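Source file: target-v9.pdb. Holds: PDB, C-alpha atoms, pLDDT in the B column.
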ATOM      1  CA  MET A   1       2.747  -5.837  -7.099  1.00 48.00           C
ATOM      2  CA  ALA A   2       1.401  -2.292  -7.086  1.00 52.00           C
ATOM      3  CA  GLU A   3       0.027  -0.798 -10.278  1.00 52.00           C
ATOM      4  CA  HIS A   4       0.402   2.992 -10.488  1.00 51.00           C
ATOM      5  CA  CYS A   5      -2.388   4.308 -12.688  1.00 53.00           C
ATOM      6  CA  GLY A   6      -1.267   7.928 -12.521  1.00 57.00           C
ATOM      7  CA  PRO A   7       0.262  10.451 -10.103  1.00 67.00           C
ATOM      8  CA  ASN A   8      -2.805  10.338  -7.843  1.00 82.00           C
ATOM      9  CA  GLU A   9      -3.834   6.677  -7.879  1.00 86.00           C
ATOM     10  CA  VAL A  10      -2.392   3.278  -7.042  1.00 88.00           C
ATOM     11  CA  ILE A  11      -3.976  -0.175  -7.178  1.00 88.00           C
ATOM     12  CA  PHE A  12      -2.677  -3.443  -5.780  1.00 87.00           C
ATOM     13  CA  ARG A  13      -4.030  -6.891  -5.058  1.00 87.00           C
ATOM     14  CA  LEU A  14      -3.538  -9.087  -2.020  1.00 89.00           C
ATOM     15  CA  SER A  15      -3.805 -12.822  -1.497  1.00 87.00           C
ATOM     16  CA  ARG A  16      -6.260 -14.095   1.103  1.00 87.00           C
ATOM     17  CA  ARG A  17      -3.620 -14.625   3.773  1.00 86.00           C
ATOM     18  CA  ARG A  18      -3.076 -13.071   7.184  1.00 86.00           C
ATOM     19  CA  ARG A  19       0.255 -11.585   6.119  1.00 88.00           C
ATOM     20  CA  SER A  20      -1.580  -9.437   3.567  1.00 91.00           C
ATOM     21  CA  VAL A  21      -2.582  -6.988   6.314  1.00 92.00           C
ATOM     22  CA  PRO A  22       0.979  -5.800   7.151  1.00 92.00           C
ATOM     23  CA  ARG A  23       1.825  -5.956   3.443  1.00 90.00           C
ATOM     24  CA  ALA A  24      -1.036  -3.570   2.670  1.00 90.00           C
ATOM     25  CA  ARG A  25       0.247  -1.140   5.293  1.00 90.00           C
ATOM     26  CA  MET A  26       3.782  -1.343   3.921  1.00 88.00           C
ATOM     27  CA  LEU A  27       2.676  -0.684   0.343  1.00 87.00           C
ATOM     28  CA  ALA A  28       0.435   2.198   1.426  1.00 89.00           C
ATOM     29  CA  GLN A  29       3.224   3.750   3.483  1.00 87.00           C
ATOM     30  CA  GLY A  30       5.582   3.701   0.513  1.00 84.00           C
ATOM     31  CA  VAL A  31       2.998   5.363  -1.722  1.00 85.00           C
ATOM     32  CA  LEU A  32       1.936   8.011   0.803  1.00 87.00           C
ATOM     33  CA  LEU A  33       5.475   8.999   1.760  1.00 81.00           C
ATOM     34  CA  GLY A  34       6.202   9.392  -1.932  1.00 78.00           C
ATOM     35  CA  TRP A  35       3.214  11.721  -2.130  1.00 81.00           C
ATOM     36  CA  GLY A  36       4.584  13.861   0.694  1.00 81.00           C
ATOM     37  CA  VAL A  37       1.878  12.887   3.191  1.00 85.00           C
ATOM     38  CA  ASP A  38       2.947  13.659   6.771  1.00 84.00           C
ATOM     39  CA  GLN A  39       3.713  10.833   9.180  1.00 85.00           C
ATOM     40  CA  VAL A  40       0.579  11.325  11.308  1.00 86.00           C
ATOM     41  CA  ALA A  41      -1.702  10.934   8.281  1.00 88.00           C
ATOM     42  CA  VAL A  42       0.358   7.958   7.070  1.00 89.00           C
ATOM     43  CA  GLU A  43      -0.188   6.182  10.387  1.00 90.00           C
ATOM     44  CA  GLU A  44      -3.923   6.966  10.386  1.00 91.00           C
ATOM     45  CA  VAL A  45      -4.306   5.635   6.854  1.00 92.00           C
ATOM     46  CA  GLY A  46      -2.354   2.532   7.852  1.00 92.00           C
ATOM     47  CA  LEU A  47      -4.722   1.820  10.742  1.00 92.00           C
ATOM     48  CA  VAL A  48      -7.868   2.304   8.679  1.00 94.00           C
ATOM     49  CA  LEU A  49      -6.523   0.284   5.762  1.00 94.00           C
ATOM     50  CA  SER A  50      -5.529  -2.540   8.115  1.00 93.00           C
ATOM     51  CA  GLU A  51      -9.069  -2.745   9.461  1.00 92.00           C
ATOM     52  CA  LEU A  52     -10.641  -2.707   6.000  1.00 93.00           C
ATOM     53  CA  VAL A  53      -8.285  -5.413   4.707  1.00 93.00           C
ATOM     54  CA  THR A  54      -8.794  -7.519   7.840  1.00 91.00           C
ATOM     55  CA  ASN A  55     -12.559  -7.397   7.342  1.00 88.00           C
ATOM     56  CA  ALA A  56     -12.182  -8.297   3.659  1.00 89.00           C
ATOM     57  CA  LEU A  57     -10.092 -11.339   4.565  1.00 88.00           C
ATOM     58  CA  ARG A  58     -12.721 -12.541   7.046  1.00 85.00           C
ATOM     59  CA  VAL A  59     -15.614 -12.731   4.591  1.00 82.00           C
ATOM     60  CA  ARG A  60     -16.508 -16.049   3.021  1.00 79.00           C
ATOM     61  CA  ALA A  61     -15.023 -16.161  -0.464  1.00 74.00           C
ATOM     62  CA  PRO A  62     -13.113 -18.667  -2.624  1.00 73.00           C
ATOM     63  CA  ALA A  63      -9.477 -18.955  -1.550  1.00 71.00           C
ATOM     64  CA  ASP A  64      -8.242 -17.939  -4.999  1.00 71.00           C
ATOM     65  CA  ARG A  65     -10.167 -14.644  -4.934  1.00 82.00           C
ATOM     66  CA  GLN A  66      -7.862 -11.760  -4.150  1.00 87.00           C
ATOM     67  CA  VAL A  67      -8.562  -8.609  -2.172  1.00 90.00           C
ATOM     68  CA  GLY A  68      -8.226  -5.434  -4.205  1.00 90.00           C
ATOM     69  CA  VAL A  69      -6.920  -2.171  -2.756  1.00 93.00           C
ATOM     70  CA  ARG A  70      -7.133   1.239  -4.414  1.00 93.00           C
ATOM     71  CA  ILE A  71      -5.690   4.445  -2.955  1.00 93.00           C
ATOM     72  CA  VAL A  72      -6.630   7.756  -4.571  1.00 92.00           C
ATOM     73  CA  ARG A  73      -5.434  11.245  -3.708  1.00 89.00           C
ATOM     74  CA  LEU A  74      -8.248  13.792  -4.065  1.00 86.00           C
ATOM     75  CA  GLU A  75      -6.096  16.903  -4.342  1.00 77.00           C
ATOM     76  CA  GLU A  76      -8.888  19.468  -4.539  1.00 74.00           C
ATOM     77  CA  ASP A  77     -10.561  18.104  -1.396  1.00 80.00           C
ATOM     78  CA  GLY A  78      -7.336  17.418   0.537  1.00 83.00           C
ATOM     79  CA  LEU A  79      -8.437  13.825   1.064  1.00 89.00           C
ATOM     80  CA  LEU A  80      -7.110  10.314   0.599  1.00 93.00           C
ATOM     81  CA  ARG A  81      -9.664   7.723  -0.487  1.00 95.00           C
ATOM     82  CA  LEU A  82      -9.110   4.072   0.403  1.00 95.00           C
ATOM     83  CA  GLU A  83     -11.078   1.337  -1.353  1.00 95.00           C
ATOM     84  CA  VAL A  84     -10.907  -2.354  -0.408  1.00 93.00           C
ATOM     85  CA  SER A  85     -12.804  -4.842  -2.581  1.00 90.00           C
ATOM     86  CA  ASP A  86     -13.635  -8.473  -1.857  1.00 88.00           C
ATOM     87  CA  ALA A  87     -15.749 -11.206  -3.410  1.00 86.00           C
ATOM     88  CA  GLY A  88     -17.911 -11.751  -0.330  1.00 80.00           C
ATOM     89  CA  SER A  89     -21.591 -11.004   0.059  1.00 73.00           C
ATOM     90  CA  GLY A  90     -23.282  -8.797   2.629  1.00 71.00           C
ATOM     91  CA  ASN A  91     -22.362  -5.380   3.935  1.00 72.00           C
ATOM     92  CA  PRO A  92     -20.226  -4.689   7.038  1.00 71.00           C
ATOM     93  CA  GLN A  93     -22.064  -3.071   9.919  1.00 66.00           C
ATOM     94  CA  VAL A  94     -20.753  -1.009  12.819  1.00 64.00           C
ATOM     95  CA  ARG A  95     -21.434  -2.878  16.045  1.00 59.00           C
ATOM     96  CA  LEU A  96     -20.813  -2.256  19.716  1.00 60.00           C
ATOM     97  CA  PRO A  97     -19.003  -5.304  21.119  1.00 55.00           C
ATOM     98  CA  GLY A  98     -19.199  -6.123  24.781  1.00 50.00           C
ATOM     99  CA  ASP A  99     -16.326  -5.422  27.152  1.00 51.00           C
ATOM    100  CA  ASP A 100     -15.310  -9.082  27.146  1.00 54.00           C
ATOM    101  CA  GLU A 101     -15.257  -9.408  23.342  1.00 47.00           C
ATOM    102  CA  MET A 102     -11.797  -9.380  21.758  1.00 46.00           C
ATOM    103  CA  SER A 103     -12.847  -8.321  18.253  1.00 51.00           C
ATOM    104  CA  GLY A 104     -15.551  -6.398  16.407  1.00 51.00           C
ATOM    105  CA  ARG A 105     -14.187  -2.864  16.896  1.00 60.00           C
ATOM    106  CA  GLY A 106     -12.632  -2.389  13.475  1.00 67.00           C
ATOM    107  CA  LEU A 107     -15.423  -0.361  11.898  1.00 78.00           C
ATOM    108  CA  LEU A 108     -15.735   1.742  15.051  1.00 84.00           C
ATOM    109  CA  LEU A 109     -12.140   2.809  14.456  1.00 84.00           C
ATOM    110  CA  VAL A 110     -12.825   3.461  10.766  1.00 87.00           C
ATOM    111  CA  GLU A 111     -15.885   5.555  11.607  1.00 86.00           C
ATOM    112  CA  ALA A 112     -13.935   7.555  14.191  1.00 87.00           C
ATOM    113  CA  MET A 113     -10.930   8.311  11.971  1.00 89.00           C
ATOM    114  CA  ALA A 114     -12.477   8.735   8.517  1.00 90.00           C
ATOM    115  CA  GLN A 115     -14.257  11.838   7.273  1.00 90.00           C
ATOM    116  CA  ARG A 116     -16.790   9.492   5.732  1.00 92.00           C
ATOM    117  CA  TRP A 117     -17.000   5.858   4.678  1.00 92.00           C
ATOM    118  CA  GLY A 118     -19.410   3.533   2.941  1.00 90.00           C
ATOM    119  CA  VAL A 119     -20.051   0.364   0.956  1.00 90.00           C
ATOM    120  CA  GLN A 120     -20.895  -0.070  -2.708  1.00 89.00           C
ATOM    121  CA  ALA A 121     -21.428  -3.003  -5.032  1.00 87.00           C
ATOM    122  CA  ARG A 122     -18.539  -3.730  -7.367  1.00 81.00           C
ATOM    123  CA  ALA A 123     -19.152  -2.349 -10.834  1.00 75.00           C
ATOM    124  CA  HIS A 124     -17.919  -5.571 -12.443  1.00 72.00           C
ATOM    125  CA  GLY A 125     -17.979  -8.989 -10.859  1.00 71.00           C
ATOM    126  CA  ILE A 126     -19.276 -10.220  -7.533  1.00 81.00           C
ATOM    127  CA  GLY A 127     -18.710  -8.748  -4.103  1.00 88.00           C
ATOM    128  CA  LYS A 128     -18.414  -5.241  -2.765  1.00 90.00           C
ATOM    129  CA  THR A 129     -16.067  -2.327  -2.148  1.00 92.00           C
ATOM    130  CA  VAL A 130     -15.725  -0.704   1.270  1.00 92.00           C
ATOM    131  CA  TRP A 131     -14.296   2.818   1.056  1.00 94.00           C
ATOM    132  CA  ALA A 132     -13.131   5.487   3.472  1.00 94.00           C
ATOM    133  CA  GLU A 133     -11.851   9.026   3.025  1.00 94.00           C
ATOM    134  CA  LEU A 134      -9.314  10.640   5.364  1.00 93.00           C
ATOM    135  CA  LYS A 135      -7.843  14.116   5.509  1.00 87.00           C
ATOM    136  CA  ALA A 136      -4.396  14.695   3.991  1.00 79.00           C
ATOM    137  CA  PRO A 137      -4.231  18.460   3.399  1.00 62.00           C
ATOM    138  CA  ASP A 138      -0.417  18.626   3.175  1.00 62.00           C
ATOM    139  CA  ALA A 139       0.084  16.057   0.431  1.00 61.00           C
ATOM    140  CA  LEU A 140       2.420  17.304  -2.298  1.00 53.00           C
ATOM    141  CA  PRO A 141       2.224  16.718  -6.037  1.00 53.00           C
ATOM    142  CA  ALA A 142       3.567  13.201  -6.447  1.00 51.00           C
ATOM    143  CA  PRO A 143       6.361  11.966  -8.662  1.00 53.00           C
ATOM    144  CA  CYS A 144       5.718   8.756 -10.554  1.00 67.00           C
ATOM    145  CA  VAL A 145       6.493   6.084  -7.974  1.00 74.00           C
ATOM    146  CA  LYS A 146       6.296   2.413  -8.837  1.00 79.00           C
ATOM    147  CA  GLU A 147       7.020  -0.892  -7.139  1.00 81.00           C
ATOM    148  CA  VAL A 148       9.384  -3.135  -9.095  1.00 83.00           C
ATOM    149  CA  ALA A 149      11.588  -6.163  -8.531  1.00 86.00           C
ATOM    150  CA  ALA A 150      15.169  -5.305  -7.584  1.00 89.00           C
ATOM    151  CA  VAL A 151      16.489  -6.981 -10.736  1.00 86.00           C
ATOM    152  CA  THR A 152      14.742  -4.359 -12.920  1.00 88.00           C
ATOM    153  CA  VAL A 153      16.091  -1.168 -11.286  1.00 89.00           C
ATOM    154  CA  GLN A 154      18.516   1.026 -13.202  1.00 89.00           C
ATOM    155  CA  ALA A 155      21.360   3.369 -12.336  1.00 91.00           C
ATOM    156  CA  GLY A 156      20.110   6.930 -12.030  1.00 91.00           C
ATOM    157  CA  GLN A 157      16.789   6.000 -10.453  1.00 90.00           C
ATOM    158  CA  CYS A 158      15.924   6.787  -6.844  1.00 90.00           C
ATOM    159  CA  VAL A 159      14.969   3.996  -4.467  1.00 89.00           C
ATOM    160  CA  ARG A 160      13.204   4.304  -1.107  1.00 86.00           C
ATOM    161  CA  LEU A 161      15.305   2.751   1.652  1.00 86.00           C
ATOM    162  CA  TRP A 162      15.220   3.213   5.428  1.00 80.00           C
ATOM    163  CA  GLY A 163      12.592   5.959   5.191  1.00 74.00           C
ATOM    164  CA  SER A 164      14.345   8.174   2.614  1.00 81.00           C
ATOM    165  CA  TRP A 165      15.058   8.345  -1.113  1.00 84.00           C
ATOM    166  CA  ARG A 166      18.524   7.281  -2.264  1.00 89.00           C
ATOM    167  CA  THR A 167      20.023   7.609  -5.736  1.00 92.00           C
ATOM    168  CA  ILE A 168      21.248   4.409  -7.393  1.00 93.00           C
ATOM    169  CA  ARG A 169      24.753   4.942  -8.803  1.00 94.00           C
ATOM    170  CA  SER A 170      25.411   1.434 -10.113  1.00 94.00           C
ATOM    171  CA  VAL A 171      23.701  -1.917 -10.534  1.00 93.00           C
ATOM    172  CA  ARG A 172      25.308  -5.324 -10.921  1.00 92.00           C
ATOM    173  CA  SER A 173      24.221  -8.905 -10.432  1.00 89.00           C
ATOM    174  CA  GLU A 174      25.898 -11.837  -8.705  1.00 90.00           C
ATOM    175  CA  GLN A 175      24.950 -15.174  -7.220  1.00 87.00           C
ATOM    176  CA  TYR A 176      24.374 -16.166  -3.622  1.00 87.00           C
ATOM    177  CA  PRO A 177      26.183 -19.336  -2.490  1.00 87.00           C
ATOM    178  CA  SER A 178      22.824 -21.097  -2.925  1.00 87.00           C
ATOM    179  CA  GLY A 179      22.874 -20.218  -6.622  1.00 81.00           C
ATOM    180  CA  ASP A 180      20.013 -17.708  -6.411  1.00 87.00           C
ATOM    181  CA  LEU A 181      20.446 -14.407  -8.225  1.00 89.00           C
ATOM    182  CA  ALA A 182      21.307 -11.296  -6.199  1.00 91.00           C
ATOM    183  CA  VAL A 183      21.364  -7.624  -7.203  1.00 92.00           C
ATOM    184  CA  VAL A 184      23.982  -5.258  -5.774  1.00 94.00           C
ATOM    185  CA  LEU A 185      23.056  -1.588  -5.726  1.00 94.00           C
ATOM    186  CA  GLY A 186      25.708   1.095  -5.404  1.00 94.00           C
ATOM    187  CA  LEU A 187      24.112   4.065  -3.651  1.00 93.00           C
ATOM    188  CA  ASP A 188      24.911   7.764  -3.415  1.00 91.00           C
ATOM    189  CA  ASP A 189      25.917   7.332   0.229  1.00 85.00           C
ATOM    190  CA  GLY A 190      27.026   4.388   2.329  1.00 85.00           C
ATOM    191  CA  PRO A 191      27.945   0.817   1.407  1.00 90.00           C
ATOM    192  CA  ALA A 192      26.488  -1.114  -1.512  1.00 91.00           C
ATOM    193  CA  LEU A 193      23.252  -2.986  -0.850  1.00 92.00           C
ATOM    194  CA  ARG A 194      22.785  -6.635  -1.860  1.00 92.00           C
ATOM    195  CA  LEU A 195      19.208  -7.840  -2.375  1.00 91.00           C
ATOM    196  CA  PRO A 196      17.447 -10.916  -3.771  1.00 92.00           C
ATOM    197  CA  ALA A 197      16.571 -10.334  -7.413  1.00 89.00           C
ATOM    198  CA  ALA A 198      12.830 -10.549  -6.705  1.00 87.00           C
ATOM    199  CA  GLU A 199      12.879  -8.161  -3.718  1.00 89.00           C
ATOM    200  CA  PRO A 200      10.175  -5.481  -4.223  1.00 90.00           C
ATOM    201  CA  LEU A 201      11.421  -1.877  -4.179  1.00 89.00           C
ATOM    202  CA  PHE A 202       9.749   1.504  -4.590  1.00 87.00           C
ATOM    203  CA  VAL A 203      11.574   3.551  -7.245  1.00 87.00           C
ATOM    204  CA  ARG A 204      11.126   6.831  -9.091  1.00 82.00           C
ATOM    205  CA  ASP A 205      13.059   8.842 -11.604  1.00 77.00           C
ATOM    206  CA  ALA A 206      15.918  10.968 -10.261  1.00 70.00           C
ATOM    207  CA  GLY A 207      15.483  14.714  -9.952  1.00 58.00           C
ATOM    208  CA  LEU A 208      11.905  14.561  -8.595  1.00 49.00           C
ATOM    209  CA  ASN A 209      11.201  15.976  -5.151  1.00 45.00           C
TER     210      ASN A 209
END
Serialized structure, structure tokens:
Amino acid sequence: MAEHCGPNEVIFRLSRRRRSVPRARMLAQGVLLGWGVDQVAVEEVGLVLSELVTNALRVRAPADRQVGVRIVRLEEDGLLRLEVSDAGSGNPQVRLPGDDEMSGRGLLLVEAMAQRWGVQARAHGIGKTVWAELKAPDALPAPCVKEVAAVTVQAGQCVRLWGSWRTIRSVRSEQYPSGDLAVVLGLDDGPALRLPAAEPLFVRDAGLN
């Protein structure tokens, strides 16, 4: 689950599984679109973040050690800073793989797309943090966006669905035939939406642009 530390910062943690790479991109996309970042920058951030998370998952570390991700909007500089932390030792190095090698180009992509990037030791605990900064000059002041389970949303909030913000008009719960809890959201437009109670959603208060 994402932890929003303020209007310009979000932190989330990922398990050491392959599916964490697309999950990182999904979470970042939700945050950046909420900040008003244009689609081109969103896609560039997604690519760089995917490479950083992929590298973090490849290092040798205990299976129960998570990968930490921090995204910060540096408004004065017009930049987005990505930080990916892992419990592994050593520093990643840019290398030039041969034409027949199928991997090893991740940091080349990061170096090409980022304004700058680097590695630093974690302030607390073992491991390191790899960071990169990308341009995002058109980002808007962000409303308070948070990721919550569907069962906790309330009428009057806005929820991000299908690439746009929708206002929640009503919330009720019911059971699936299996007995699991479902949440039914009445929206400002279109049919009601039924979701598993634990489904993660990005929400914000109504009335924010």
Shell around A:Arg204 at 12 Å using all atoms listed in the file, local window under 6 positions removed, as a ChimeraX atom specification: /A:4,7,30-31,34-35,142-148,153-160,165-168
Residue selection dump (C-alpha atoms) as a PDB file, in the coordinates of the input:
ATOM      1  CA  HIS A   4       0.402   2.992 -10.488  1.00 51.00           C
ATOM      2  CA  PRO A   7       0.262  10.451 -10.103  1.00 67.00           C
ATOM      3  CA  GLY A  30       5.582   3.701   0.513  1.00 84.00           C
ATOM      4  CA  VAL A  31       2.998   5.363  -1.722  1.00 85.00           C
ATOM      5  CA  GLY A  34       6.202   9.392  -1.932  1.00 78.00           C
ATOM      6  CA  TRP A  35       3.214  11.721  -2.130  1.00 81.00           C
ATOM      7  CA  ALA A 142       3.567  13.201  -6.447  1.00 51.00           C
ATOM      8  CA  PRO A 143       6.361  11.966  -8.662  1.00 53.00           C
ATOM      9  CA  CYS A 144       5.718   8.756 -10.554  1.00 67.00           C
ATOM     10  CA  VAL A 145       6.493   6.084  -7.974  1.00 74.00           C
ATOM     11  CA  LYS A 146       6.296   2.413  -8.837  1.00 79.00           C
ATOM     12  CA  GLU A 147       7.020  -0.892  -7.139  1.00 81.00           C
ATOM     13  CA  VAL A 148       9.384  -3.135  -9.095  1.00 83.00           C
ATOM     14  CA  VAL A 153      16.091  -1.168 -11.286  1.00 89.00           C
ATOM     15  CA  GLN A 154      18.516   1.026 -13.202  1.00 89.00           C
ATOM     16  CA  ALA A 155      21.360   3.369 -12.336  1.00 91.00           C
ATOM     17  CA  GLY A 156      20.110   6.930 -12.030  1.00 91.00           C
ATOM     18  CA  GLN A 157      16.789   6.000 -10.453  1.00 90.00           C
ATOM     19  CA  CYS A 158      15.924   6.787  -6.844  1.00 90.00           C
ATOM     20  CA  VAL A 159      14.969   3.996  -4.467  1.00 89.00           C
ATOM     21  CA  ARG A 160      13.204   4.304  -1.107  1.00 86.00           C
ATOM     22  CA  TRP A 165      15.058   8.345  -1.113  1.00 84.00           C
ATOM     23  CA  ARG A 166      18.524   7.281  -2.264  1.00 89.00           C
ATOM     24  CA  THR A 167      20.023   7.609  -5.736  1.00 92.00           C
ATOM     25  CA  ILE A 168      21.248   4.409  -7.393  1.00 93.00           C
TER      26      ILE A 168
END
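Residue nearest A:Ala192, chosen from A:Val171, A:Gly90, A:Leu27, A:Tyr176 and counting only C-alpha atoms: A:Val171.
Distances to A:Ala132 were evaluated for A:Asp180, A:Asp64, A:Glu9, A:Glu44 using all atoms listed in the file, and the minimum falls at A:Glu44.
Using only C-alpha atoms, the nearest neighbour of A:Gly68 within the list A:Leu107, A:Ala112, A:Ala149, A:Leu14 is A:Leu14.
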Pick from A:Leu134, A:Val151, A:Val48, A:Val59, whichever lies nearest to A:Leu108 using only C-alpha atoms: A:Val48
Matched chain/residue IDs from the PyMOL selection byres ((chain A and resi 197) around 6), as a PyMOL selection string: chain A and resi 150-151+181-183+196+198-199
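Here the PyMOL selection byres ((chain A and resi 116) around 10) catches exactly these residues: Arg81, Val110, Glu111, Ala112, Met113, Ala114, Gln115, Trp117, Gly118, Trp131, Ala132, Glu133 and Leu134 of chain A.
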I need the chosen residues saved as a compact mmCIF listing (two decimals), in the coordinates of the input, with C-alpha atoms.
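Contents of the output file selection_13.txt:
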# COMPACT_ATOMS: atom_id res chain seq x y z
CA ARG A 81 -9.66 7.72 -0.49
CA VAL A 110 -12.82 3.46 10.77
CA GLU A 111 -15.88 5.56 11.61
CA ALA A 112 -13.94 7.56 14.19
CA MET A 113 -10.93 8.31 11.97
CA ALA A 114 -12.48 8.74 8.52
CA GLN A 115 -14.26 11.84 7.27
CA TRP A 117 -17.00 5.86 4.68
CA GLY A 118 -19.41 3.53 2.94
CA TRP A 131 -14.30 2.82 1.06
CA ALA A 132 -13.13 5.49 3.47
CA GLU A 133 -11.85 9.03 3.02
CA LEU A 134 -9.31 10.64 5.36
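Among the candidate residues A:Leu161, A:Ala136, A:Leu185, A:Ile11, the one lying nearest to A:Glu43 is A:Ala136, with distances computed using all atoms listed in the file.
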Any chance you could model N, CA and C atoms for stretch 6-18 of chain A and send them as a PDB file, in the coordinates of the input?
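Done, and the output landed in rebuild10.pdb:
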ATOM      1  N   GLY A   6      -1.442   6.499 -12.330  1.00 57.00           N
ATOM      2  CA  GLY A   6      -1.267   7.928 -12.521  1.00 57.00           C
ATOM      3  C   GLY A   6      -0.663   8.520 -11.265  1.00 57.00           C
ATOM      4  N   PRO A   7      -0.388   9.836 -11.264  1.00 67.00           N
ATOM      5  CA  PRO A   7       0.262  10.451 -10.103  1.00 67.00           C
ATOM      6  C   PRO A   7      -0.603  10.480  -8.855  1.00 67.00           C
ATOM      7  N   ASN A   8      -1.905  10.236  -8.991  1.00 82.00           N
ATOM      8  CA  ASN A   8      -2.805  10.338  -7.843  1.00 82.00           C
ATOM      9  C   ASN A   8      -3.546   9.041  -7.535  1.00 82.00           C
ATOM     10  N   GLU A   9      -3.101   7.927  -8.078  1.00 86.00           N
ATOM     11  CA  GLU A   9      -3.834   6.677  -7.879  1.00 86.00           C
ATOM     12  C   GLU A   9      -2.893   5.481  -7.914  1.00 86.00           C
ATOM     13  N   VAL A  10      -3.139   4.532  -7.029  1.00 88.00           N
ATOM     14  CA  VAL A  10      -2.392   3.278  -7.042  1.00 88.00           C
ATOM     15  C   VAL A  10      -3.343   2.138  -6.719  1.00 88.00           C
ATOM     16  N   ILE A  11      -3.140   1.005  -7.379  1.00 88.00           N
ATOM     17  CA  ILE A  11      -3.976  -0.175  -7.178  1.00 88.00           C
ATOM     18  C   ILE A  11      -3.063  -1.368  -6.922  1.00 88.00           C
ATOM     19  N   PHE A  12      -3.410  -2.189  -5.949  1.00 87.00           N
ATOM     20  CA  PHE A  12      -2.677  -3.443  -5.780  1.00 87.00           C
ATOM     21  C   PHE A  12      -3.621  -4.515  -5.271  1.00 87.00           C
ATOM     22  N   ARG A  13      -3.201  -5.748  -5.426  1.00 87.00           N
ATOM     23  CA  ARG A  13      -4.030  -6.891  -5.058  1.00 87.00           C
ATOM     24  C   ARG A  13      -3.311  -7.749  -4.029  1.00 87.00           C
ATOM     25  N   LEU A  14      -4.091  -8.322  -3.129  1.00 89.00           N
ATOM     26  CA  LEU A  14      -3.538  -9.087  -2.020  1.00 89.00           C
ATOM     27  C   LEU A  14      -4.131 -10.482  -2.006  1.00 89.00           C
ATOM     28  N   SER A  15      -3.310 -11.458  -1.665  1.00 87.00           N
ATOM     29  CA  SER A  15      -3.805 -12.822  -1.497  1.00 87.00           C
ATOM     30  C   SER A  15      -4.586 -12.917  -0.194  1.00 87.00           C
ATOM     31  N   ARG A  16      -5.422 -13.927  -0.081  1.00 87.00           N
ATOM     32  CA  ARG A  16      -6.260 -14.095   1.103  1.00 87.00           C
ATOM     33  C   ARG A  16      -5.467 -14.810   2.198  1.00 87.00           C
ATOM     34  N   ARG A  17      -4.468 -14.108   2.711  1.00 86.00           N
ATOM     35  CA  ARG A  17      -3.620 -14.625   3.773  1.00 86.00           C
ATOM     36  C   ARG A  17      -3.453 -13.559   4.842  1.00 86.00           C
ATOM     37  N   ARG A  18      -3.191 -14.002   6.062  1.00 86.00           N
ATOM     38  CA  ARG A  18      -3.076 -13.071   7.184  1.00 86.00           C
ATOM     39  C   ARG A  18      -1.955 -12.055   6.975  1.00 86.00           C
TER      40      ARG A  18
END
